[in-house]
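Listing of my_file_37.csv; format and content: CSV, C-alpha atoms and all ligand atoms.
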chain,number,residue,atom,x,y,z
A,28,MET,CA,-96.6,-41.2,-0.6
A,29,SER,CA,-96.7,-44.2,-2.9
A,30,GLU,CA,-92.9,-44.7,-2.6
A,31,LYS,CA,-92.7,-47.2,-5.5
A,32,ARG,CA,-89.4,-48.0,-7.3
A,33,ILE,CA,-90.1,-47.1,-10.9
A,34,LEU,CA,-88.0,-47.7,-14.0
A,35,VAL,CA,-88.5,-45.4,-16.9
A,36,THR,CA,-86.7,-46.5,-20.1
A,37,GLY,CA,-86.2,-43.7,-22.6
A,38,GLY,CA,-86.7,-41.4,-19.6
A,39,ALA,CA,-84.4,-38.6,-21.0
A,40,GLY,CA,-86.6,-38.3,-24.1
A,41,PHE,CA,-89.5,-36.0,-24.6
A,42,LEU,CA,-92.4,-38.0,-23.1
A,43,GLY,CA,-90.1,-39.9,-20.7
A,44,SER,CA,-88.7,-36.7,-19.1
A,45,HIS,CA,-92.2,-35.4,-18.4
A,46,LEU,CA,-93.2,-38.7,-16.9
A,47,CYS,CA,-90.0,-38.8,-14.7
A,48,HIS,CA,-90.9,-35.3,-13.4
A,49,ARG,CA,-94.4,-36.4,-12.5
A,50,LEU,CA,-93.3,-39.6,-10.8
A,51,VAL,CA,-90.7,-37.9,-8.7
A,52,GLU,CA,-93.1,-35.1,-7.7
A,53,ALA,CA,-95.5,-37.8,-6.4
A,54,GLY,CA,-92.7,-39.2,-4.1
A,55,ASN,CA,-91.6,-42.2,-6.1
A,56,GLU,CA,-88.0,-43.4,-6.5
A,57,VAL,CA,-87.3,-43.2,-10.3
A,58,LEU,CA,-84.6,-44.9,-12.2
A,59,CYS,CA,-84.3,-43.3,-15.6
A,60,VAL,CA,-82.5,-45.4,-18.2
A,61,ASP,CA,-81.5,-44.0,-21.6
A,62,ASN,CA,-78.8,-44.4,-24.3
A,63,PHE,CA,-79.2,-40.7,-25.3
A,64,PHE,CA,-79.8,-41.5,-29.0
A,65,THR,CA,-82.6,-38.8,-29.1
A,66,GLY,CA,-82.8,-38.0,-25.4
A,67,ARG,CA,-80.8,-35.5,-23.5
A,68,ARG,CA,-79.5,-35.1,-20.0
A,69,ALA,CA,-80.8,-31.5,-20.1
A,70,ASN,CA,-84.4,-32.9,-20.1
A,71,VAL,CA,-83.9,-34.4,-16.6
A,72,ALA,CA,-81.2,-32.0,-15.3
A,73,PRO,CA,-83.6,-30.4,-12.7
A,74,LEU,CA,-84.1,-33.9,-11.2
A,75,LEU,CA,-80.4,-34.8,-10.8
A,76,ASP,CA,-80.2,-33.2,-7.4
A,77,SER,CA,-83.2,-35.2,-6.1
A,78,PRO,CA,-82.4,-38.2,-3.8
A,79,LEU,CA,-85.4,-39.9,-5.5
A,80,PHE,CA,-83.9,-39.7,-9.0
A,81,GLU,CA,-81.2,-41.7,-10.7
A,82,LEU,CA,-80.0,-41.5,-14.3
A,83,MET,CA,-78.3,-44.5,-15.9
A,84,ARG,CA,-76.8,-44.7,-19.4
A,85,HIS,CA,-77.9,-48.0,-20.8
A,86,ASP,CA,-79.2,-49.5,-24.0
A,87,VAL,CA,-82.3,-51.6,-23.5
A,88,THR,CA,-81.2,-54.0,-26.2
A,89,PHE,CA,-78.9,-55.4,-23.4
A,90,PRO,CA,-80.3,-57.1,-20.3
A,91,LEU,CA,-80.7,-55.0,-17.2
A,92,TYR,CA,-80.7,-56.3,-13.6
A,93,VAL,CA,-82.4,-54.0,-11.1
A,94,GLU,CA,-85.1,-54.3,-8.5
A,95,VAL,CA,-88.3,-52.4,-9.3
A,96,ASP,CA,-92.1,-52.3,-8.7
A,97,GLU,CA,-93.2,-50.7,-12.0
A,98,ILE,CA,-91.6,-50.3,-15.5
A,99,TYR,CA,-92.6,-47.7,-18.1
A,100,ASN,CA,-91.0,-48.9,-21.4
A,101,LEU,CA,-90.6,-45.8,-23.5
A,102,ALA,CA,-87.2,-46.4,-25.1
A,103,CYS,CA,-87.4,-46.0,-28.9
A,104,PRO,CA,-86.8,-43.1,-31.2
A,105,ALA,CA,-90.3,-41.8,-32.2
A,106,SER,CA,-89.6,-39.4,-35.1
A,107,PRO,CA,-89.5,-40.9,-38.6
A,108,ILE,CA,-86.1,-39.3,-39.5
A,109,HIS,CA,-84.5,-40.6,-36.3
A,110,TYR,CA,-86.0,-44.1,-36.4
A,111,GLN,CA,-85.1,-44.5,-40.1
A,112,PHE,CA,-81.5,-43.4,-39.4
A,113,ASP,CA,-80.5,-46.9,-38.1
A,114,PRO,CA,-83.6,-49.0,-38.8
A,115,VAL,CA,-82.0,-52.3,-37.6
A,116,GLN,CA,-81.3,-50.7,-34.3
A,117,THR,CA,-84.9,-49.4,-34.2
A,118,THR,CA,-86.3,-52.9,-34.5
A,119,LYS,CA,-83.8,-54.2,-32.0
A,120,THR,CA,-84.8,-51.5,-29.5
A,121,SER,CA,-88.5,-52.4,-29.8
A,122,VAL,CA,-88.1,-56.1,-29.9
A,123,HIS,CA,-85.0,-57.0,-27.8
A,124,GLY,CA,-85.9,-54.0,-25.6
A,125,ALA,CA,-89.3,-55.5,-24.9
A,126,ILE,CA,-87.9,-59.0,-24.3
A,127,ASN,CA,-85.4,-57.6,-21.8
A,128,MET,CA,-87.9,-55.4,-20.0
A,129,LEU,CA,-90.5,-58.1,-19.9
A,130,GLY,CA,-87.9,-60.5,-18.5
A,131,LEU,CA,-87.2,-58.0,-15.8
A,132,ALA,CA,-90.9,-57.6,-15.1
A,133,LYS,CA,-91.3,-61.4,-14.9
A,134,ARG,CA,-88.4,-61.8,-12.4
A,135,THR,CA,-89.3,-58.8,-10.2
A,136,ARG,CA,-93.1,-59.3,-10.7
A,137,ALA,CA,-93.3,-55.6,-11.7
A,138,LYS,CA,-96.2,-54.1,-13.5
A,139,ILE,CA,-95.1,-53.0,-17.0
A,140,PHE,CA,-96.3,-50.3,-19.3
A,141,GLN,CA,-95.6,-50.3,-23.0
A,142,ALA,CA,-95.4,-47.1,-25.1
A,143,SER,CA,-97.0,-48.5,-28.3
A,144,THR,CA,-98.2,-46.3,-31.0
A,145,SER,CA,-101.0,-45.4,-33.5
A,146,GLU,CA,-98.5,-46.6,-36.1
A,147,VAL,CA,-99.6,-50.1,-35.4
A,148,TYR,CA,-102.7,-49.1,-37.5
A,149,GLY,CA,-100.4,-48.1,-40.4
A,150,ASP,CA,-102.2,-46.1,-43.1
A,151,PRO,CA,-105.6,-46.9,-41.7
A,152,VAL,CA,-108.7,-47.8,-43.8
A,153,VAL,CA,-110.9,-47.6,-40.7
A,154,HIS,CA,-111.6,-44.1,-39.4
A,155,PRO,CA,-111.4,-43.2,-36.6
A,156,GLN,CA,-109.3,-46.0,-35.3
A,157,THR,CA,-110.6,-48.3,-32.5
A,158,GLU,CA,-108.5,-50.7,-30.6
A,159,ALA,CA,-110.3,-53.6,-32.4
A,160,TYR,CA,-108.8,-52.5,-35.8
A,161,TRP,CA,-105.8,-54.7,-36.9
A,162,GLY,CA,-104.3,-52.1,-39.1
A,163,ASN,CA,-102.9,-51.6,-42.6
A,164,VAL,CA,-99.1,-51.8,-42.2
A,165,ASN,CA,-96.5,-52.3,-45.0
A,166,PRO,CA,-94.1,-54.9,-43.6
A,167,ILE,CA,-91.1,-54.0,-45.8
A,168,GLY,CA,-91.2,-50.2,-46.2
A,169,PRO,CA,-89.1,-47.5,-44.6
A,170,ARG,CA,-91.5,-47.1,-41.7
A,171,SER,CA,-91.7,-50.8,-41.0
A,172,CYS,CA,-88.7,-50.9,-38.6
A,173,TYR,CA,-90.8,-48.8,-36.2
A,174,ASP,CA,-94.3,-50.0,-37.1
A,175,GLU,CA,-93.5,-53.8,-37.1
A,176,GLY,CA,-91.1,-53.4,-34.2
A,177,LYS,CA,-93.9,-51.9,-32.1
A,178,ARG,CA,-96.4,-54.5,-33.3
A,179,CYS,CA,-94.0,-57.3,-32.4
A,180,ALA,CA,-93.5,-55.7,-29.0
A,181,GLU,CA,-97.3,-55.8,-28.4
A,182,THR,CA,-97.2,-59.5,-29.3
A,183,LEU,CA,-94.5,-60.1,-26.8
A,184,PHE,CA,-96.4,-58.2,-24.1
A,185,PHE,CA,-99.5,-60.3,-24.6
A,186,ASP,CA,-97.6,-63.5,-24.8
A,187,TYR,CA,-95.8,-62.7,-21.5
A,188,HIS,CA,-99.2,-61.9,-20.0
A,189,ARG,CA,-100.8,-65.2,-21.2
A,190,GLN,CA,-97.8,-67.4,-20.6
A,191,HIS,CA,-96.4,-65.9,-17.4
A,192,GLY,CA,-99.2,-63.9,-16.0
A,193,THR,CA,-97.1,-60.7,-16.3
A,194,ARG,CA,-99.2,-57.6,-15.5
A,195,ILE,CA,-99.1,-55.5,-18.7
A,196,LYS,CA,-100.5,-52.1,-19.7
A,197,VAL,CA,-100.3,-51.4,-23.4
A,198,ALA,CA,-100.9,-47.8,-24.5
A,199,ARG,CA,-101.3,-46.9,-28.2
A,200,ILE,CA,-100.1,-43.3,-28.2
A,201,PHE,CA,-101.2,-40.9,-31.0
A,202,ASN,CA,-99.2,-37.8,-32.0
A,203,THR,CA,-98.1,-36.0,-28.9
A,204,TYR,CA,-96.3,-32.6,-28.7
A,205,GLY,CA,-95.1,-30.1,-26.2
A,206,PRO,CA,-92.1,-28.5,-24.5
A,207,ARG,CA,-88.8,-30.5,-24.4
A,208,MET,CA,-89.2,-31.8,-27.9
A,209,HIS,CA,-85.8,-31.5,-29.5
A,210,PRO,CA,-85.6,-28.5,-32.0
A,211,ASN,CA,-84.2,-31.0,-34.5
A,212,ASP,CA,-86.7,-33.8,-33.6
A,213,GLY,CA,-88.1,-33.7,-37.2
A,214,ARG,CA,-91.7,-34.2,-36.2
A,215,VAL,CA,-94.2,-31.9,-37.6
A,216,VAL,CA,-95.1,-29.7,-34.6
A,217,SER,CA,-91.5,-28.9,-33.7
A,218,ASN,CA,-90.5,-28.4,-37.3
A,219,PHE,CA,-93.3,-25.9,-38.0
A,220,ILE,CA,-92.7,-24.0,-34.8
A,221,VAL,CA,-88.9,-23.7,-35.2
A,222,GLN,CA,-89.3,-22.8,-38.9
A,223,ALA,CA,-91.9,-20.1,-38.0
A,224,LEU,CA,-89.8,-18.6,-35.2
A,225,LYS,CA,-86.7,-18.5,-37.5
A,226,GLY,CA,-88.8,-17.0,-40.3
A,227,GLU,CA,-87.8,-19.9,-42.5
A,228,PRO,CA,-90.2,-21.6,-45.0
A,229,ILE,CA,-92.7,-24.0,-43.4
A,230,THR,CA,-92.1,-27.5,-45.0
A,231,ILE,CA,-95.4,-29.1,-45.9
A,232,TYR,CA,-95.0,-32.7,-47.1
A,233,GLY,CA,-97.4,-33.5,-50.0
A,234,GLU,CA,-100.3,-31.2,-50.4
A,235,GLY,CA,-100.7,-30.9,-46.6
A,236,MET,CA,-104.2,-32.5,-46.7
A,237,GLN,CA,-103.1,-35.5,-44.6
A,238,THR,CA,-104.5,-35.4,-41.1
A,239,ARG,CA,-103.2,-36.0,-37.5
A,240,SER,CA,-104.8,-35.5,-34.1
A,241,PHE,CA,-102.4,-33.8,-31.6
A,242,CYS,CA,-102.4,-34.3,-27.9
A,243,TYR,CA,-100.6,-32.0,-25.4
A,244,VAL,CA,-97.9,-33.8,-23.3
A,245,ASP,CA,-99.5,-33.0,-19.9
A,246,ASP,CA,-102.7,-34.7,-20.9
A,247,MET,CA,-100.8,-37.7,-22.2
A,248,VAL,CA,-98.7,-38.2,-19.1
A,249,GLU,CA,-101.9,-38.0,-17.0
A,250,ALA,CA,-103.3,-40.9,-19.1
A,251,PHE,CA,-100.1,-43.0,-18.6
A,252,LEU,CA,-100.4,-42.7,-14.8
A,253,ARG,CA,-104.1,-43.5,-14.9
A,254,LEU,CA,-103.5,-46.6,-17.1
A,255,MET,CA,-100.7,-47.9,-14.9
A,256,GLY,CA,-103.0,-47.4,-11.8
A,257,THR,CA,-105.8,-49.6,-13.2
A,258,GLU,CA,-106.6,-53.1,-11.9
A,259,SER,CA,-104.9,-56.1,-13.5
A,260,HIS,CA,-107.8,-57.0,-15.8
A,261,LEU,CA,-107.1,-53.9,-17.9
A,262,THR,CA,-104.2,-54.9,-20.2
A,263,GLY,CA,-105.0,-52.6,-23.1
A,264,PRO,CA,-104.3,-51.9,-25.8
A,265,VAL,CA,-105.8,-48.5,-25.0
A,266,ASN,CA,-105.8,-45.6,-27.5
A,267,LEU,CA,-104.4,-42.4,-25.9
A,268,GLY,CA,-104.6,-39.2,-27.9
A,269,ASN,CA,-106.7,-36.1,-28.7
A,270,PRO,CA,-109.5,-37.0,-31.1
A,271,VAL,CA,-109.7,-33.5,-32.7
A,272,GLU,CA,-108.2,-33.9,-36.2
A,273,PHE,CA,-106.4,-31.3,-38.3
A,274,THR,CA,-104.8,-31.2,-41.7
A,275,MET,CA,-101.1,-30.2,-41.9
A,276,ARG,CA,-102.1,-27.0,-43.6
A,277,GLU,CA,-104.4,-26.1,-40.8
A,278,LEU,CA,-101.6,-26.8,-38.3
A,279,ALA,CA,-99.2,-24.6,-40.3
A,280,GLU,CA,-101.8,-21.8,-40.3
A,281,LEU,CA,-102.3,-22.1,-36.6
A,282,VAL,CA,-98.5,-21.9,-35.9
A,283,ILE,CA,-98.1,-18.9,-38.3
A,284,GLY,CA,-101.0,-17.2,-36.4
A,285,ILE,CA,-99.6,-17.8,-32.9
A,286,THR,CA,-96.0,-16.9,-33.8
A,287,GLY,CA,-97.0,-13.9,-36.0
A,288,SER,CA,-94.3,-15.2,-38.4
A,289,LYS,CA,-93.8,-14.0,-41.9
A,290,SER,CA,-92.9,-17.6,-43.0
A,291,ARG,CA,-94.5,-18.9,-46.1
A,292,MET,CA,-95.5,-22.6,-46.8
A,293,THR,CA,-93.3,-24.6,-49.1
A,294,PHE,CA,-94.1,-28.0,-50.5
A,295,ALA,CA,-91.9,-31.1,-50.4
A,296,PRO,CA,-92.7,-34.7,-51.5
A,297,LEU,CA,-94.8,-36.8,-49.2
A,298,PRO,CA,-92.6,-39.5,-47.5
A,299,VAL,CA,-93.2,-43.1,-48.5
A,300,ASP,CA,-96.2,-44.8,-46.7
A,301,ASP,CA,-97.1,-41.5,-44.9
A,302,PRO,CA,-100.5,-42.2,-43.3
A,303,LYS,CA,-103.3,-40.1,-45.0
A,304,GLN,CA,-105.4,-39.8,-41.9
A,305,ARG,CA,-105.3,-40.5,-38.2
A,306,GLN,CA,-107.8,-40.0,-35.4
A,307,PRO,CA,-108.1,-42.0,-32.2
A,308,ASP,CA,-111.4,-43.4,-30.9
A,309,ILE,CA,-110.9,-42.9,-27.2
A,310,ALA,CA,-114.1,-44.4,-25.9
A,311,LEU,CA,-112.2,-47.1,-24.0
A,312,ALA,CA,-109.9,-44.6,-22.3
A,313,ARG,CA,-112.9,-42.4,-21.4
A,314,ARG,CA,-114.7,-45.4,-19.9
A,315,GLU,CA,-111.9,-47.2,-18.1
A,316,LEU,CA,-109.6,-44.3,-17.2
A,317,GLY,CA,-112.2,-41.5,-16.8
A,318,TRP,CA,-109.7,-39.6,-19.0
A,319,GLU,CA,-109.9,-37.3,-22.0
A,320,PRO,CA,-107.6,-34.5,-23.2
A,321,LYS,CA,-108.2,-31.1,-21.6
A,322,VAL,CA,-105.7,-28.9,-23.6
A,323,PRO,CA,-107.0,-27.7,-27.0
A,324,LEU,CA,-104.4,-27.5,-29.8
A,325,LYS,CA,-104.2,-23.7,-29.8
A,326,ALA,CA,-103.5,-23.5,-26.1
A,327,GLY,CA,-100.9,-26.3,-26.2
A,328,LEU,CA,-99.2,-24.8,-29.2
A,329,GLU,CA,-98.9,-21.5,-27.4
A,330,LYS,CA,-97.0,-23.1,-24.5
A,331,THR,CA,-94.8,-25.1,-27.0
A,332,VAL,CA,-94.1,-21.9,-29.0
A,333,ALA,CA,-93.0,-20.2,-25.7
A,334,TYR,CA,-90.7,-23.1,-24.9
A,335,PHE,CA,-89.0,-23.1,-28.4
A,336,ASP,CA,-88.8,-19.3,-28.3
A,337,SER,CA,-86.7,-19.5,-25.1
A,338,VAL,CA,-84.6,-22.3,-26.4
A,339,LEU,CA,-83.8,-20.5,-29.6
A,340,ARG,CA,-83.0,-17.3,-27.8
A,341,LYS,CA,-80.4,-19.1,-25.7
A,342,ALA,CA,-78.8,-20.9,-28.7
B,1,LIG,P1,-88.0,-39.4,-27.9
B,1,LIG,O1,-87.2,-39.8,-29.1
B,1,LIG,O2,-87.9,-38.0,-27.4
B,1,LIG,O3,-87.7,-40.4,-26.7
B,1,LIG,C1,-87.2,-41.7,-26.9
B,1,LIG,C2,-86.1,-41.9,-25.8
B,1,LIG,O4,-85.6,-43.3,-25.9
B,1,LIG,C3,-84.9,-41.1,-26.1
B,1,LIG,O5,-84.5,-40.5,-24.8
B,1,LIG,C4,-83.8,-42.0,-26.6
B,1,LIG,O6,-82.5,-41.6,-26.3
B,1,LIG,C5,-84.2,-43.3,-25.9
B,1,LIG,N1,-83.8,-44.5,-26.6
B,1,LIG,C6,-83.8,-44.9,-27.9
B,1,LIG,N2,-83.3,-46.1,-28.1
B,1,LIG,C7,-82.9,-46.5,-26.9
B,1,LIG,C8,-82.3,-47.7,-26.5
B,1,LIG,N3,-81.9,-48.7,-27.3
B,1,LIG,N4,-82.0,-47.9,-25.1
B,1,LIG,C9,-82.2,-46.9,-24.3
B,1,LIG,N5,-82.9,-45.7,-24.6
B,1,LIG,C10,-83.2,-45.6,-25.9
B,1,LIG,O7,-89.5,-39.8,-28.3
B,1,LIG,P2,-90.9,-39.6,-27.4
B,1,LIG,O8,-91.8,-38.8,-28.3
B,1,LIG,O9,-90.6,-39.2,-26.1
B,1,LIG,O10,-91.4,-41.1,-27.4
B,1,LIG,C11,-91.3,-42.0,-26.3
B,1,LIG,C12,-92.0,-43.3,-26.6
B,1,LIG,O11,-93.4,-43.0,-26.9
B,1,LIG,C13,-91.4,-44.0,-27.7
B,1,LIG,O12,-91.4,-45.4,-27.4
B,1,LIG,C14,-92.4,-43.8,-28.9
B,1,LIG,O13,-92.4,-44.8,-29.8
B,1,LIG,C15,-93.7,-43.6,-28.1
B,1,LIG,N6,-94.6,-42.8,-28.9
B,1,LIG,C16,-94.5,-41.4,-28.9
B,1,LIG,C17,-95.4,-40.7,-29.6
B,1,LIG,C18,-95.4,-39.2,-29.7
B,1,LIG,O14,-96.1,-38.6,-30.4
B,1,LIG,N7,-94.5,-38.5,-28.9
B,1,LIG,C19,-96.4,-41.3,-30.3
B,1,LIG,C20,-96.5,-42.7,-30.3
B,1,LIG,C21,-95.6,-43.4,-29.6
B,2,LIG,N1,-94.9,-33.3,-42.0
B,2,LIG,C1,-94.8,-32.2,-42.7
B,2,LIG,N2,-93.8,-31.3,-42.6
B,2,LIG,C2,-92.8,-31.6,-41.7
B,2,LIG,C3,-92.8,-32.8,-41.0
B,2,LIG,C4,-93.9,-33.6,-41.1
B,2,LIG,O1,-95.8,-31.9,-43.5
B,2,LIG,O2,-91.8,-30.8,-41.7
B,2,LIG,C5,-96.1,-34.2,-42.1
B,2,LIG,C6,-95.7,-35.7,-42.3
B,2,LIG,O3,-95.6,-36.0,-43.7
B,2,LIG,C7,-97.0,-36.3,-41.7
B,2,LIG,C8,-97.4,-35.4,-40.6
B,2,LIG,O4,-96.7,-34.1,-40.9
B,2,LIG,O5,-98.0,-36.4,-42.6
B,2,LIG,C9,-96.9,-35.9,-39.2
B,2,LIG,O6,-95.6,-36.2,-39.3
B,2,LIG,P1,-94.7,-36.6,-38.0
B,2,LIG,O7,-93.3,-36.9,-38.5
B,2,LIG,O8,-94.8,-35.5,-37.0
B,2,LIG,O9,-95.4,-37.9,-37.4
B,2,LIG,P2,-96.1,-39.2,-38.0
B,2,LIG,O10,-97.5,-39.1,-37.5
B,2,LIG,O11,-96.0,-39.2,-39.5
B,2,LIG,O12,-95.3,-40.3,-37.4
What is this file in structure tokens?
Amino acid sequence: MSEKRILVTGGAGFLGSHLCHRLVEAGNEVLCVDNFFTGRRANVAPLLDSPLFELMRHDVTFPLYVEVDEIYNLACPASPIHYQFDPVQTTKTSVHGAINMLGLAKRTRAKIFQASTSEVYGDPVVHPQTEAYWGNVNPIGPRSCYDEGKRCAETLFFDYHRQHGTRIKVARIFNTYGPRMHPNDGRVVSNFIVQALKGEPITIYGEGMQTRSFCYVDDMVEAFLRLMGTESHLTGPVNLGNPVEFTMRELAELVIGITGSKSRMTFAPLPVDDPKQRQPDIALARRELGWEPKVPLKAGLEKTVAYFDSVLRKA
């Protein structure tokens, strides 16, 4: 038993809840902090009976005084429609949230993990993206609250590391999907699956030729744990994601095939600054973490379809 006291911010969200489950299963004491903007109590409901688990409603833009050994900082809405709903709050969550959690890490000497994002690369002109690429980000567009907020958070992590010796682990997460995504999350995988299961039109933005590389949640959480477990010299940033790239049309066809849906594709305008292509170079994660994704897209989609099918049947 490792018996660490671990704080997970954004722990009632999609990725956070999977992480909380893994950490409790391994015998750790987990404090899950969430303001429930996009997260839900239901995501962690099975853990509420465990003496190892505690759920606290708290907004990370305010300071938090607790005693912990490790911090996973995941608090931040991740879906474009949700992070653009209150963009000022999104920037505050990334920036003030990072300052508060880094302050906590400094005082408690905790190791701290940051859920950064492939969005720090913006609409990339280097393909696939390596960690050395500085990105192509619009600082004043509708995605900027998220992209620049996350970039500033990375800056804060590295300044705390250089200035105070804080032990940091910065992960650049590429598109991840799986069970416990909210049916109204708005990201492409959940949208397509819910539309297909309901027999509604599948909404392709633009011509659907833009690409993304999708990682199944279990693979991603495994990478989080491995990164947190590395020695101090490894600060990141480390790209985490599945390097197999698909167009949105290919994704829609896969979802239609798996669900056996009669849904047709319908085309809507491409959102402003929507990245045209995205694929992680994961050589660093392979080398330093001995990690690579194991779940192919089709297998992961099948599990995710089964999840949404059961959710929609109960609704
Ligand atoms: P999510 O929206 O399901 O989870 C985010 C959680 O943070 C929610 O539970 C939400 O209520 C909570 N939250 C938001 N603002 C908060 C605040 N001010 N104080 C406390 N809690 C707050 O999204 P997710 O997919 O689970 O993403 C988790 C993290 O991983 C985010 O930081 C996101 O930027 C990052 N990330 C995710 C992906 C992905 O594909 N899932 C990709 C890149 C980065
Ligand atoms: N997308 C789409 N239909 C949808 C939702 C998203 O075609 O119903 C596209 C979106 O324009 C983007 C890609 O799917 O090109 C991934 O979008 P998502 O919001 O999941 O994440 P992003 O990687 O853009 O943050």
Could you jot down the atom C10 of ligand LIG 1 (chain B) to CA of Phe63 (chain A) separation for me, Å, one decimal place?
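CA of Phe63 (chain A) lies 6.4 Å from atom C10 of ligand LIG 1 (chain B).
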Which one of A:Phe41, A:Tyr243, A:Tyr232, A:Tyr334 sits closest to ligand LIG 2 (chain B) if you count only C-alpha atoms and all ligand atoms?
A:Tyr232
Within 6 Å of ligand LIG 1 (chain B) (counting only C-alpha atoms and all ligand atoms), which residues show up? I'd like them as a PyMOL selection string.
chain A and resi 36-43+61-66+85-88+101-105+120+142-144+200-203
With a distance cut-off of 7 Å and only C-alpha atoms, select the neighbouring residues of Ile285 (chain A), excluding the residue or stretch itself and same-chain residues fewer than 3 positions from it, and output the selection as an MDAnalysis selection string.
chainID A and resid 281:282 329
Could you pull out the residues sitting within 9 Å of ligand LIG 2 (chain B), using only C-alpha atoms and all ligand atoms, and write them as a VMD selection string?
chain A and resid 105 to 108 145 to 146 170 201 to 204 212 to 219 222 229 to 240 274 to 276 279 294 to 299 301 to 305
With C-alpha atoms retained, export the selected residues as a PDB file, in the frame of the given file.
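Saved the output as result-v1.pdb:
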ATOM      1  CA  ALA A 105     -90.300 -41.800 -32.200  1.00  0.00           C
ATOM      2  CA  SER A 106     -89.600 -39.400 -35.100  1.00  0.00           C
ATOM      3  CA  PRO A 107     -89.500 -40.900 -38.600  1.00  0.00           C
ATOM      4  CA  ILE A 108     -86.100 -39.300 -39.500  1.00  0.00           C
ATOM      5  CA  SER A 145    -101.000 -45.400 -33.500  1.00  0.00           C
ATOM      6  CA  GLU A 146     -98.500 -46.600 -36.100  1.00  0.00           C
ATOM      7  CA  ARG A 170     -91.500 -47.100 -41.700  1.00  0.00           C
ATOM      8  CA  PHE A 201    -101.200 -40.900 -31.000  1.00  0.00           C
ATOM      9  CA  ASN A 202     -99.200 -37.800 -32.000  1.00  0.00           C
ATOM     10  CA  THR A 203     -98.100 -36.000 -28.900  1.00  0.00           C
ATOM     11  CA  TYR A 204     -96.300 -32.600 -28.700  1.00  0.00           C
ATOM     12  CA  ASP A 212     -86.700 -33.800 -33.600  1.00  0.00           C
ATOM     13  CA  GLY A 213     -88.100 -33.700 -37.200  1.00  0.00           C
ATOM     14  CA  ARG A 214     -91.700 -34.200 -36.200  1.00  0.00           C
ATOM     15  CA  VAL A 215     -94.200 -31.900 -37.600  1.00  0.00           C
ATOM     16  CA  VAL A 216     -95.100 -29.700 -34.600  1.00  0.00           C
ATOM     17  CA  SER A 217     -91.500 -28.900 -33.700  1.00  0.00           C
ATOM     18  CA  ASN A 218     -90.500 -28.400 -37.300  1.00  0.00           C
ATOM     19  CA  PHE A 219     -93.300 -25.900 -38.000  1.00  0.00           C
ATOM     20  CA  GLN A 222     -89.300 -22.800 -38.900  1.00  0.00           C
ATOM     21  CA  ILE A 229     -92.700 -24.000 -43.400  1.00  0.00           C
ATOM     22  CA  THR A 230     -92.100 -27.500 -45.000  1.00  0.00           C
ATOM     23  CA  ILE A 231     -95.400 -29.100 -45.900  1.00  0.00           C
ATOM     24  CA  TYR A 232     -95.000 -32.700 -47.100  1.00  0.00           C
ATOM     25  CA  GLY A 233     -97.400 -33.500 -50.000  1.00  0.00           C
ATOM     26  CA  GLU A 234    -100.300 -31.200 -50.400  1.00  0.00           C
ATOM     27  CA  GLY A 235    -100.700 -30.900 -46.600  1.00  0.00           C
ATOM     28  CA  MET A 236    -104.200 -32.500 -46.700  1.00  0.00           C
ATOM     29  CA  GLN A 237    -103.100 -35.500 -44.600  1.00  0.00           C
ATOM     30  CA  THR A 238    -104.500 -35.400 -41.100  1.00  0.00           C
ATOM     31  CA  ARG A 239    -103.200 -36.000 -37.500  1.00  0.00           C
ATOM     32  CA  SER A 240    -104.800 -35.500 -34.100  1.00  0.00           C
ATOM     33  CA  THR A 274    -104.800 -31.200 -41.700  1.00  0.00           C
ATOM     34  CA  MET A 275    -101.100 -30.200 -41.900  1.00  0.00           C
ATOM     35  CA  ARG A 276    -102.100 -27.000 -43.600  1.00  0.00           C
ATOM     36  CA  ALA A 279     -99.200 -24.600 -40.300  1.00  0.00           C
ATOM     37  CA  PHE A 294     -94.100 -28.000 -50.500  1.00  0.00           C
ATOM     38  CA  ALA A 295     -91.900 -31.100 -50.400  1.00  0.00           C
ATOM     39  CA  PRO A 296     -92.700 -34.700 -51.500  1.00  0.00           C
ATOM     40  CA  LEU A 297     -94.800 -36.800 -49.200  1.00  0.00           C
ATOM     41  CA  PRO A 298     -92.600 -39.500 -47.500  1.00  0.00           C
ATOM     42  CA  VAL A 299     -93.200 -43.100 -48.500  1.00  0.00           C
ATOM     43  CA  ASP A 301     -97.100 -41.500 -44.900  1.00  0.00           C
ATOM     44  CA  PRO A 302    -100.500 -42.200 -43.300  1.00  0.00           C
ATOM     45  CA  LYS A 303    -103.300 -40.100 -45.000  1.00  0.00           C
ATOM     46  CA  GLN A 304    -105.400 -39.800 -41.900  1.00  0.00           C
ATOM     47  CA  ARG A 305    -105.300 -40.500 -38.200  1.00  0.00           C
TER      48      ARG A 305
END
Interatomic distance between CA of Asp174 (chain A) and CA of Phe335 (chain A)?
28.8 Å
Take CA of Arg134 (chain A) and CA of Val35 (chain A) and report the distance between them in Å, one decimal.
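One can read the CA of Arg134 (chain A) to CA of Val35 (chain A) distance as 17.0 Å.
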As a VMD selection string, please: the residues near Phe89 (chain A) (cut-off 12 Å, all atoms listed in the file, same-chain neighbours under 2 positions excluded).
chain A and resid 60 to 62 84 to 87 91 to 92 119 to 128 130 to 131
Shell of 6 Å around region 70-76 of chain A, only C-alpha atoms, local chain residues under 2 positions omitted, as a VMD selection string
chain A and resid 39 44 67 to 68
Which of these residues is nearest to Met83 (chain A), using all atoms listed in the file: A:Leu34, A:Ala53, A:Gly205, A:Tyr148?
A:Leu34
Please identify all polymer residues within 12 Å of region 254-256 of chain A, counting all atoms listed in the file, omitting same-chain residues fewer than 3 positions from it, and present them as a PyMOL selection string.
chain A and resi 29+33+50+96-100+137-142+194-199+247-251+259-267+311-318
